[in-house]
>>> print(open('protein-v8.txt').read())   # compact mmCIF, C-alpha atoms and all ligand atoms
# COMPACT_ATOMS: atom_id res chain seq x y z
CA MET U 1264 233.74 270.89 139.53
CA ILE U 1265 231.03 273.45 138.92
CA PHE U 1266 233.33 276.50 139.06
CA GLU U 1267 235.50 275.05 136.31
CA GLN U 1268 232.35 274.70 134.21
CA PHE U 1269 231.47 278.36 134.86
CA SER U 1270 234.93 279.40 133.80
CA LYS U 1271 234.70 277.40 130.58
CA ILE U 1272 231.17 278.55 129.70
CA GLY U 1273 232.03 282.17 130.59
CA VAL U 1274 228.51 283.55 130.69
CA VAL U 1275 225.65 282.65 133.02
CA PRO U 1276 222.42 283.87 131.41
CA VAL U 1277 219.84 285.13 133.90
CA LEU U 1278 216.31 283.91 133.18
CA ILE U 1279 213.18 285.64 134.51
CA PRO U 1280 210.38 283.31 133.36
CA GLU U 1281 206.71 284.27 133.33
CA ASN U 1282 205.84 280.68 132.42
CA PHE U 1283 207.62 277.39 131.84
CA LYS U 1284 207.14 277.51 128.05
CA GLU U 1285 209.29 280.63 127.85
CA ALA U 1286 211.86 278.91 130.02
CA LEU U 1287 211.98 275.83 127.82
CA ASN U 1288 212.40 277.89 124.65
CA ALA U 1289 215.22 279.84 126.28
CA ALA U 1290 216.94 276.67 127.49
CA LYS U 1291 216.75 275.14 124.01
CA ILE U 1292 218.39 278.23 122.49
CA LEU U 1293 221.16 278.19 125.09
CA PHE U 1294 221.79 274.49 124.67
CA GLU U 1295 221.98 274.73 120.89
CA ASN U 1296 224.34 277.71 120.95
CA ASP U 1297 227.14 276.61 123.26
CA LEU U 1298 225.95 278.34 126.43
CA PRO U 1299 224.62 275.35 128.37
CA CYS U 1300 224.11 277.24 131.59
CA LEU U 1301 221.55 279.51 133.23
CA GLU U 1302 220.29 280.82 136.50
CA VAL U 1303 216.61 281.35 137.20
CA VAL U 1304 215.70 284.30 139.43
CA PHE U 1305 213.68 282.75 142.19
CA ASP U 1306 211.23 285.63 142.52
CA ALA U 1307 210.00 285.13 138.92
CA PRO U 1308 206.45 283.74 138.59
CA ALA U 1309 207.49 280.41 137.02
CA ALA U 1310 210.91 279.99 138.66
CA GLU U 1311 210.47 276.74 140.53
CA GLU U 1312 208.51 275.03 137.76
CA SER U 1313 211.03 276.18 135.14
CA ILE U 1314 213.98 274.77 137.08
CA LYS U 1315 212.20 271.41 137.36
CA ILE U 1316 211.22 271.22 133.71
CA ILE U 1317 214.54 272.44 132.27
CA GLY U 1318 216.35 269.97 134.53
CA ARG U 1319 214.21 267.17 133.16
CA GLU U 1320 214.33 268.17 129.48
CA PHE U 1321 217.93 269.41 129.37
CA PRO U 1322 219.82 267.40 132.01
CA ASP U 1323 223.19 268.60 130.67
CA ILE U 1324 222.41 272.28 131.24
CA LEU U 1325 224.05 273.72 134.33
CA ILE U 1326 221.01 275.29 135.99
CA GLY U 1327 220.88 277.26 139.22
CA ALA U 1328 218.66 279.61 141.17
CA SER U 1329 219.47 283.23 141.96
CA ARG U 1330 218.10 286.06 144.12
CA ILE U 1331 217.73 283.49 146.91
CA LEU U 1332 216.76 285.30 150.11
CA THR U 1333 215.88 282.56 152.62
CA ILE U 1334 216.87 279.03 153.57
CA GLU U 1335 213.37 277.93 152.65
CA GLN U 1336 213.84 279.27 149.10
CA ALA U 1337 217.28 277.64 148.85
CA ASP U 1338 215.70 274.35 149.89
CA ARG U 1339 212.88 274.64 147.36
CA ALA U 1340 215.33 275.56 144.60
CA MET U 1341 217.55 272.56 145.41
CA ASN U 1342 214.53 270.24 145.46
CA ALA U 1343 213.48 271.60 142.08
CA GLY U 1344 216.92 270.66 140.72
CA ALA U 1345 219.07 273.78 141.09
CA LYS U 1346 222.71 272.72 140.85
CA PHE U 1347 223.93 275.96 142.40
CA ILE U 1348 222.48 278.71 144.57
CA ALA U 1349 223.24 282.38 143.97
CA ALA U 1350 222.24 285.43 145.98
CA SER U 1351 222.53 289.16 145.47
CA GLY U 1352 223.78 289.62 149.01
CA LEU U 1353 225.67 287.77 151.69
CA ASN U 1354 223.50 285.84 154.14
CA PRO U 1355 225.82 283.59 156.18
CA LYS U 1356 222.90 281.32 157.19
CA ILE U 1357 222.04 280.57 153.57
CA VAL U 1358 225.71 280.04 152.72
CA GLN U 1359 226.13 277.61 155.62
CA TYR U 1360 222.96 275.77 154.69
CA CYS U 1361 224.20 275.26 151.12
CA LEU U 1362 227.61 274.15 152.35
CA ASP U 1363 225.94 271.64 154.68
CA GLU U 1364 223.90 270.34 151.76
CA SER U 1365 227.03 270.24 149.54
CA VAL U 1366 225.41 272.54 146.97
CA PRO U 1367 227.71 275.21 145.44
CA VAL U 1368 226.75 278.68 146.60
CA ILE U 1369 227.73 282.11 145.25
CA PRO U 1370 226.76 284.94 147.57
CA GLY U 1371 226.85 288.58 146.64
CA ALA U 1372 229.66 290.67 148.12
CA LEU U 1373 231.08 294.07 147.20
CA THR U 1374 232.96 295.63 150.09
CA PRO U 1375 236.16 294.56 151.86
CA THR U 1376 234.12 293.67 154.93
CA GLU U 1377 231.76 291.45 152.94
CA LEU U 1378 234.60 289.86 150.99
CA GLU U 1379 236.36 288.99 154.23
CA GLN U 1380 233.18 287.38 155.51
CA VAL U 1381 233.02 285.31 152.33
CA LEU U 1382 236.59 284.13 152.92
CA GLU U 1383 235.77 283.29 156.53
CA LEU U 1384 232.89 281.13 155.33
CA GLY U 1385 235.41 279.19 153.26
CA LEU U 1386 234.25 280.36 149.83
CA LYS U 1387 236.43 281.45 146.94
CA VAL U 1388 233.91 282.82 144.42
CA VAL U 1389 231.66 285.86 144.93
CA ARG U 1390 228.90 287.45 142.95
CA PHE U 1391 229.88 291.07 142.40
CA PHE U 1392 226.49 292.82 142.24
CA PRO U 1393 225.56 295.36 140.94
CA ALA U 1394 228.84 295.30 139.01
CA GLU U 1395 228.61 298.30 136.71
CA LEU U 1396 227.11 300.61 139.33
CA SER U 1397 229.68 299.54 141.90
CA GLY U 1398 232.79 300.49 140.00
CA GLY U 1399 232.85 297.75 137.38
CA LEU U 1400 236.08 296.10 136.37
CA GLY U 1401 238.25 298.76 138.04
CA MET U 1402 236.68 297.98 141.39
CA ILE U 1403 236.98 294.22 140.87
CA LYS U 1404 240.70 294.65 140.09
CA ALA U 1405 241.23 296.68 143.25
CA MET U 1406 239.45 294.09 145.37
CA ALA U 1407 241.19 291.15 143.67
CA GLU U 1408 244.55 292.71 144.48
CA ALA U 1409 243.65 292.91 148.15
CA TYR U 1410 241.95 289.49 148.25
CA SER U 1411 244.02 287.33 145.94
CA GLU U 1412 242.24 284.08 146.88
CA LEU U 1413 238.92 285.30 145.53
CA GLU U 1414 237.41 285.01 142.07
CA PHE U 1415 234.52 287.17 140.89
CA MET U 1416 231.28 286.65 139.02
CA PRO U 1417 230.14 290.15 138.01
CA VAL U 1418 226.41 290.70 137.46
CA GLY U 1419 224.37 293.86 137.03
CA GLY U 1420 224.76 295.94 133.88
CA ILE U 1421 226.78 293.37 131.91
CA ASN U 1422 226.10 293.30 128.17
CA ALA U 1423 227.74 292.43 124.85
CA LYS U 1424 229.72 295.72 124.91
CA ASN U 1425 231.45 295.28 128.25
CA LEU U 1426 231.54 291.45 128.42
CA SER U 1427 234.95 290.99 126.80
CA GLY U 1428 236.56 293.50 129.16
CA TYR U 1429 235.35 291.57 132.20
CA LEU U 1430 236.14 288.13 130.76
CA SER U 1431 239.68 289.18 129.82
CA TYR U 1432 240.52 289.65 133.49
CA GLN U 1433 241.76 286.37 134.95
CA LYS U 1434 240.00 286.82 138.29
CA VAL U 1435 236.61 286.96 136.59
CA ILE U 1436 235.36 283.40 136.52
CA ALA U 1437 232.24 284.22 134.43
CA CYS U 1438 229.74 287.02 133.95
CA ALA U 1439 226.02 286.71 134.64
CA GLY U 1440 223.28 288.85 133.17
CA SER U 1441 219.75 289.16 131.88
CA TRP U 1442 220.60 290.86 128.57
CA LEU U 1443 220.64 287.60 126.60
CA ILE U 1444 217.30 286.07 127.54
CA ASP U 1445 215.73 289.50 127.63
CA LYS U 1446 212.37 289.50 129.43
CA LYS U 1447 210.68 291.82 126.93
CA LEU U 1448 211.97 289.82 123.95
CA MET U 1449 210.65 286.63 125.54
CA ALA U 1450 207.24 288.20 126.12
CA ALA U 1451 207.19 289.27 122.45
CA GLU U 1452 208.33 285.77 121.40
CA GLU U 1453 211.31 287.26 119.61
CA TRP U 1454 213.25 284.00 119.73
CA GLU U 1455 215.39 284.87 116.70
CA LYS U 1456 216.62 288.02 118.40
CA ILE U 1457 217.33 286.07 121.59
CA SER U 1458 219.26 283.47 119.56
CA ALA U 1459 221.32 286.26 118.00
CA LEU U 1460 222.19 287.67 121.44
CA VAL U 1461 223.17 284.22 122.69
CA LYS U 1462 225.33 283.55 119.61
CA GLU U 1463 227.03 286.92 120.03
CA ALA U 1464 227.87 286.19 123.68
CA ALA U 1465 229.05 282.64 122.90
CA SER U 1466 231.37 284.01 120.23
CA ILE U 1467 232.82 286.65 122.60
CA VAL U 1468 233.53 283.89 125.14
CA LYS U 1469 235.12 281.70 122.48
CA ASN U 1470 237.45 284.51 121.35
CA ILE U 1471 238.67 285.12 124.88
CA ARG U 1472 238.56 281.79 126.65
CA SER U 1473 239.65 279.23 124.05
C1 LIG U 1501 220.05 289.70 138.92
O1 LIG U 1501 219.30 289.71 139.87
O2 LIG U 1501 220.64 288.67 138.54
C2 LIG U 1501 220.36 291.00 138.26
O3 LIG U 1501 219.30 291.87 138.43
C3 LIG U 1501 220.71 290.87 136.81
O4 LIG U 1501 221.26 292.11 136.43
P1 LIG U 1501 221.09 292.62 134.93
O5 LIG U 1501 219.58 292.61 134.66
O6 LIG U 1501 221.64 294.01 134.91
O7 LIG U 1501 221.79 291.67 134.03
>>> encode(input="protein-v8.txt", output="structure tokens", more="lines below")
Ligand code: 3PG
Amino acid sequence: MIFEQFSKIGVVPVLIPENFKEALNAAKILFENDLPCLEVVFDAPAAEESIKIIGREFPDILIGASRILTIEQADRAMNAGAKFIAASGLNPKIVQYCLDESVPVIPGALTPTELEQVLELGLKVVRFFPAELSGGLGMIKAMAEAYSELEFMPVGGINAKNLSGYLSYQKVIACAGSWLIDKKLMAAEEWEKISALVKEAASIVKNIRS
């Protein structure tokens, strides 16, 4: 079950690839450092190609597509090999499409109204975006108390400093974020620095989740 994998891995690195070579380097670093998971933002220049190539070269990496805005994009991402679909917001048509295709979907939801819609659609995991700007862990705790069936994947402003706080809360299934495979570091080919960020996150997860 994909959500059990998220819970075990703890962190879902967000990748914004300019080209597939960057994506492959990033995937290799993740795979070698115990974070075999990533989501590719679908509005990035090399998103579709990167999903295809990572899926082929690293079949054991749990790869998904995020920032999905239309059914057409969801379809393209699935055809490229995305094993899950994530969105910043809640579009019931996209959610239903993914459910019909039996592809795990994590829509964005922040407010009680949106969270209730998520429950009505039969889902149990939401993307809480933008987490830090929307009240962070305190807000997630308040919502989790009111909606005990839900689990949360915070994204937006997560980093090595606040990661352990989020992961220590049992209703947080995993955190997603772009701080690990930093876009500027990739452009500067600072792979050592990226490896260090990935190792740091993997060690935080290990301390809390094992
Ligand atoms: C996303 O679309 O996944 C978010 O913009 C990532 O948020 P972050 O850059 O603050 O991690």
>>> residues_near_ligand(input="protein-v8.txt", ligand="ligand LIG 1501 (chain U)", cutoff="6 Å", atoms="all atoms listed in the file", output="list in words")
Val1277, Arg1330, Val1418, Gly1419, Gly1420, Ile1421, Gly1440, Ser1441 and Trp1442 of chain U
>>> write_last_selection(input="protein-v8.txt", atoms="C-alpha atoms", output="PDB file, in the frame of the given file")
ATOM      1  CA  VAL U1277     219.840 285.130 133.900  1.00  0.00           C
ATOM      2  CA  ARG U1330     218.100 286.060 144.120  1.00  0.00           C
ATOM      3  CA  VAL U1418     226.410 290.700 137.460  1.00  0.00           C
ATOM      4  CA  GLY U1419     224.370 293.860 137.030  1.00  0.00           C
ATOM      5  CA  GLY U1420     224.760 295.940 133.880  1.00  0.00           C
ATOM      6  CA  ILE U1421     226.780 293.370 131.910  1.00  0.00           C
ATOM      7  CA  GLY U1440     223.280 288.850 133.170  1.00  0.00           C
ATOM      8  CA  SER U1441     219.750 289.160 131.880  1.00  0.00           C
ATOM      9  CA  TRP U1442     220.600 290.860 128.570  1.00  0.00           C
TER      10      TRP U1442
END
>>> closest_atom_pairs(input="protein-v8.txt", of="stretch 1288-1385 of chain U", to="stretch 1271-1274 of chain U", cutoff="10 Å", atoms="all atoms listed in the file", output="Markdown table")
| residue | atom | partner | partner_atom | distance |
| --- | --- | --- | --- | --- |
| U:Asp1297 | CA | U:Ile1272 | CA | 7.8 |
| U:Leu1298 | CA | U:Ile1272 | CA | 6.2 |
| U:Pro1299 | CA | U:Ile1272 | CA | 7.4 |
| U:Cys1300 | CA | U:Ile1272 | CA | 7.4 |
| U:Leu1301 | CA | U:Val1274 | CA | 8.4 |
| U:Leu1325 | CA | U:Ile1272 | CA | 9.8 |
>>> residues_around(input="protein-v8.txt", residues="U:Phe1294", least_positions_apart="5", cutoff="12 Å", atoms="only C-alpha atoms", output="VMD selection string")
chain U and resid 1272 1276 1287 to 1289 1299 to 1301 1317 1320 to 1326 1458 1461 to 1462 1465
>>> closest_residue(input="protein-v8.txt", among="U:Pro1280, U:Gly1344, U:Glu1395, U:Arg1339", to="U:Asn1425", atoms="all atoms listed in the file")
U:Glu1395
>>> atom_distance(input="protein-v8.txt", atom1="atom CA of U:Leu1278", atom2="atom CA of U:Lys1424")
19.7 Å
>>> closest_residue(input="protein-v8.txt", among="U:Ala1286, U:Val1381, U:Ala1407, U:Cys1438", to="U:Gly1352", atoms="only C-alpha atoms")
U:Val1381
>>> residues_around(input="protein-v8.txt", residues="U:Val1303", least_positions_apart="4", cutoff="7 Å", atoms="all atoms listed in the file", output="ChimeraX atom specification")
/U:1277-1279,1310,1327-1329
>>> write_last_selection(input="protein-v8.txt", atoms="C-alpha atoms", output="PDB file, keeping the file's coordinate frame")
ATOM      1  CA  VAL U1277     219.840 285.130 133.900  1.00  0.00           C
ATOM      2  CA  LEU U1278     216.310 283.910 133.180  1.00  0.00           C
ATOM      3  CA  ILE U1279     213.180 285.640 134.510  1.00  0.00           C
ATOM      4  CA  ALA U1310     210.910 279.990 138.660  1.00  0.00           C
ATOM      5  CA  GLY U1327     220.880 277.260 139.220  1.00  0.00           C
ATOM      6  CA  ALA U1328     218.660 279.610 141.170  1.00  0.00           C
ATOM      7  CA  SER U1329     219.470 283.230 141.960  1.00  0.00           C
TER       8      SER U1329
END
>>> axis_aligned_box(input="protein-v8.txt", around="stretch 1458-1468 of chain U", padding_each_side="8 Å", output="AutoDock Vina command-line options")
--center_x 226.4 --center_y 285.2 --center_z 121.6 --size_x 30.3 --size_y 21.0 --size_z 23.1
>>> atom_distance(input="protein-v8.txt", atom1="atom CA of U:Ser1466", atom2="atom CA of U:Ala1350")
27.4 Å
>>> residues_around(input="protein-v8.txt", residues="U:Tyr1410", least_positions_apart="4", cutoff="9 Å", atoms="all atoms listed in the file", output="MDAnalysis selection string")
chainID U and resid 1375 1378:1379 1382 1405:1406 1414
>>> write_last_selection(input="protein-v8.txt", atoms="C-alpha atoms", output="tab-separated table (two decimals), in the coordinates of the input")
chain	number	residue	atom	x	y	z
U	1375	PRO	CA	236.16	294.56	151.86
U	1378	LEU	CA	234.60	289.86	150.99
U	1379	GLU	CA	236.36	288.99	154.23
U	1382	LEU	CA	236.59	284.13	152.92
U	1405	ALA	CA	241.23	296.68	143.25
U	1406	MET	CA	239.45	294.09	145.37
U	1414	GLU	CA	237.41	285.01	142.07
>>> decode(input="protein-v8.txt", residues="stretch 1392-1404 of chain U", atoms="all heavy atoms", output="CSV table (one decimal), in the first residue's frame")
chain,number,residue,atom,x,y,z
U,1392,PHE,N,-1.3,22.2,2.2
U,1392,PHE,CA,-0.5,23.2,1.5
U,1392,PHE,C,-1.1,24.6,1.4
U,1392,PHE,O,-2.3,24.7,1.2
U,1392,PHE,CB,-0.3,22.7,0.0
U,1392,PHE,CG,0.4,23.7,-0.8
U,1392,PHE,CD1,1.8,23.9,-0.8
U,1392,PHE,CD2,-0.3,24.6,-1.7
U,1392,PHE,CE1,2.4,24.9,-1.6
U,1392,PHE,CE2,0.3,25.5,-2.5
U,1392,PHE,CZ,1.7,25.7,-2.4
U,1393,PRO,N,-0.4,25.7,1.7
U,1393,PRO,CA,1.0,25.7,2.1
U,1393,PRO,C,1.1,25.6,3.6
U,1393,PRO,O,0.6,26.5,4.3
U,1393,PRO,CB,1.4,27.1,1.6
U,1393,PRO,CG,0.2,27.9,1.6
U,1393,PRO,CD,-1.0,27.0,1.4
U,1394,ALA,N,1.7,24.6,4.1
U,1394,ALA,CA,1.7,24.2,5.5
U,1394,ALA,C,2.1,25.3,6.5
U,1394,ALA,O,1.3,25.7,7.4
U,1394,ALA,CB,2.5,23.0,5.8
U,1395,GLU,N,3.3,25.8,6.3
U,1395,GLU,CA,3.8,26.8,7.3
U,1395,GLU,C,3.0,28.1,7.3
U,1395,GLU,O,2.7,28.7,8.3
U,1395,GLU,CB,5.3,27.1,7.0
U,1395,GLU,CG,6.3,26.1,7.5
U,1395,GLU,CD,6.3,26.0,9.0
U,1395,GLU,OE1,6.9,26.9,9.6
U,1395,GLU,OE2,5.8,25.1,9.6
U,1396,LEU,N,2.6,28.5,6.1
U,1396,LEU,CA,1.9,29.8,6.0
U,1396,LEU,C,0.4,29.6,6.5
U,1396,LEU,O,-0.3,30.6,6.7
U,1396,LEU,CB,1.9,30.3,4.6
U,1396,LEU,CG,3.2,30.9,4.1
U,1396,LEU,CD1,3.1,31.2,2.6
U,1396,LEU,CD2,3.6,32.1,4.9
U,1397,SER,N,0.0,28.4,6.6
U,1397,SER,CA,-1.4,28.2,7.0
U,1397,SER,C,-1.6,27.7,8.4
U,1397,SER,O,-2.6,27.1,8.7
U,1397,SER,CB,-2.0,27.1,6.0
U,1397,SER,OG,-1.8,27.5,4.7
U,1398,GLY,N,-0.6,28.0,9.2
U,1398,GLY,CA,-0.8,27.6,10.6
U,1398,GLY,C,0.1,26.5,11.1
U,1398,GLY,O,0.1,26.1,12.3
U,1399,GLY,N,0.8,25.8,10.1
U,1399,GLY,CA,1.7,24.8,10.5
U,1399,GLY,C,1.1,23.7,11.3
U,1399,GLY,O,0.0,23.3,11.2
U,1400,LEU,N,2.0,23.1,12.2
U,1400,LEU,CA,1.6,21.9,12.9
U,1400,LEU,C,0.4,22.2,13.8
U,1400,LEU,O,-0.5,21.4,14.0
U,1400,LEU,CB,2.8,21.5,13.8
U,1400,LEU,CG,2.6,20.2,14.5
U,1400,LEU,CD1,2.2,19.0,13.6
U,1400,LEU,CD2,3.9,19.8,15.2
U,1401,GLY,N,0.3,23.4,14.4
U,1401,GLY,CA,-0.8,23.8,15.3
U,1401,GLY,C,-2.1,23.6,14.6
U,1401,GLY,O,-3.1,23.1,15.1
U,1402,MET,N,-2.1,24.1,13.3
U,1402,MET,CA,-3.4,24.0,12.5
U,1402,MET,C,-3.7,22.6,12.2
U,1402,MET,O,-4.9,22.2,12.3
U,1402,MET,CB,-3.2,24.9,11.3
U,1402,MET,CG,-4.4,25.0,10.5
U,1402,MET,SD,-5.7,25.9,11.4
U,1402,MET,CE,-6.3,27.0,10.2
U,1403,ILE,N,-2.7,21.8,11.8
U,1403,ILE,CA,-2.9,20.4,11.5
U,1403,ILE,C,-3.5,19.7,12.7
U,1403,ILE,O,-4.4,18.9,12.6
U,1403,ILE,CB,-1.6,19.7,11.0
U,1403,ILE,CG1,-1.2,20.3,9.7
U,1403,ILE,CG2,-1.8,18.2,11.0
U,1403,ILE,CD1,0.2,19.7,9.2
U,1404,LYS,N,-3.0,20.0,13.9
U,1404,LYS,CA,-3.5,19.3,15.1
U,1404,LYS,C,-4.9,19.7,15.3
U,1404,LYS,O,-5.8,18.8,15.7
U,1404,LYS,CB,-2.6,19.7,16.3
U,1404,LYS,CG,-1.3,19.0,16.3
U,1404,LYS,CD,-0.5,19.3,17.6
U,1404,LYS,CE,0.8,18.5,17.6
U,1404,LYS,NZ,1.7,18.8,18.7
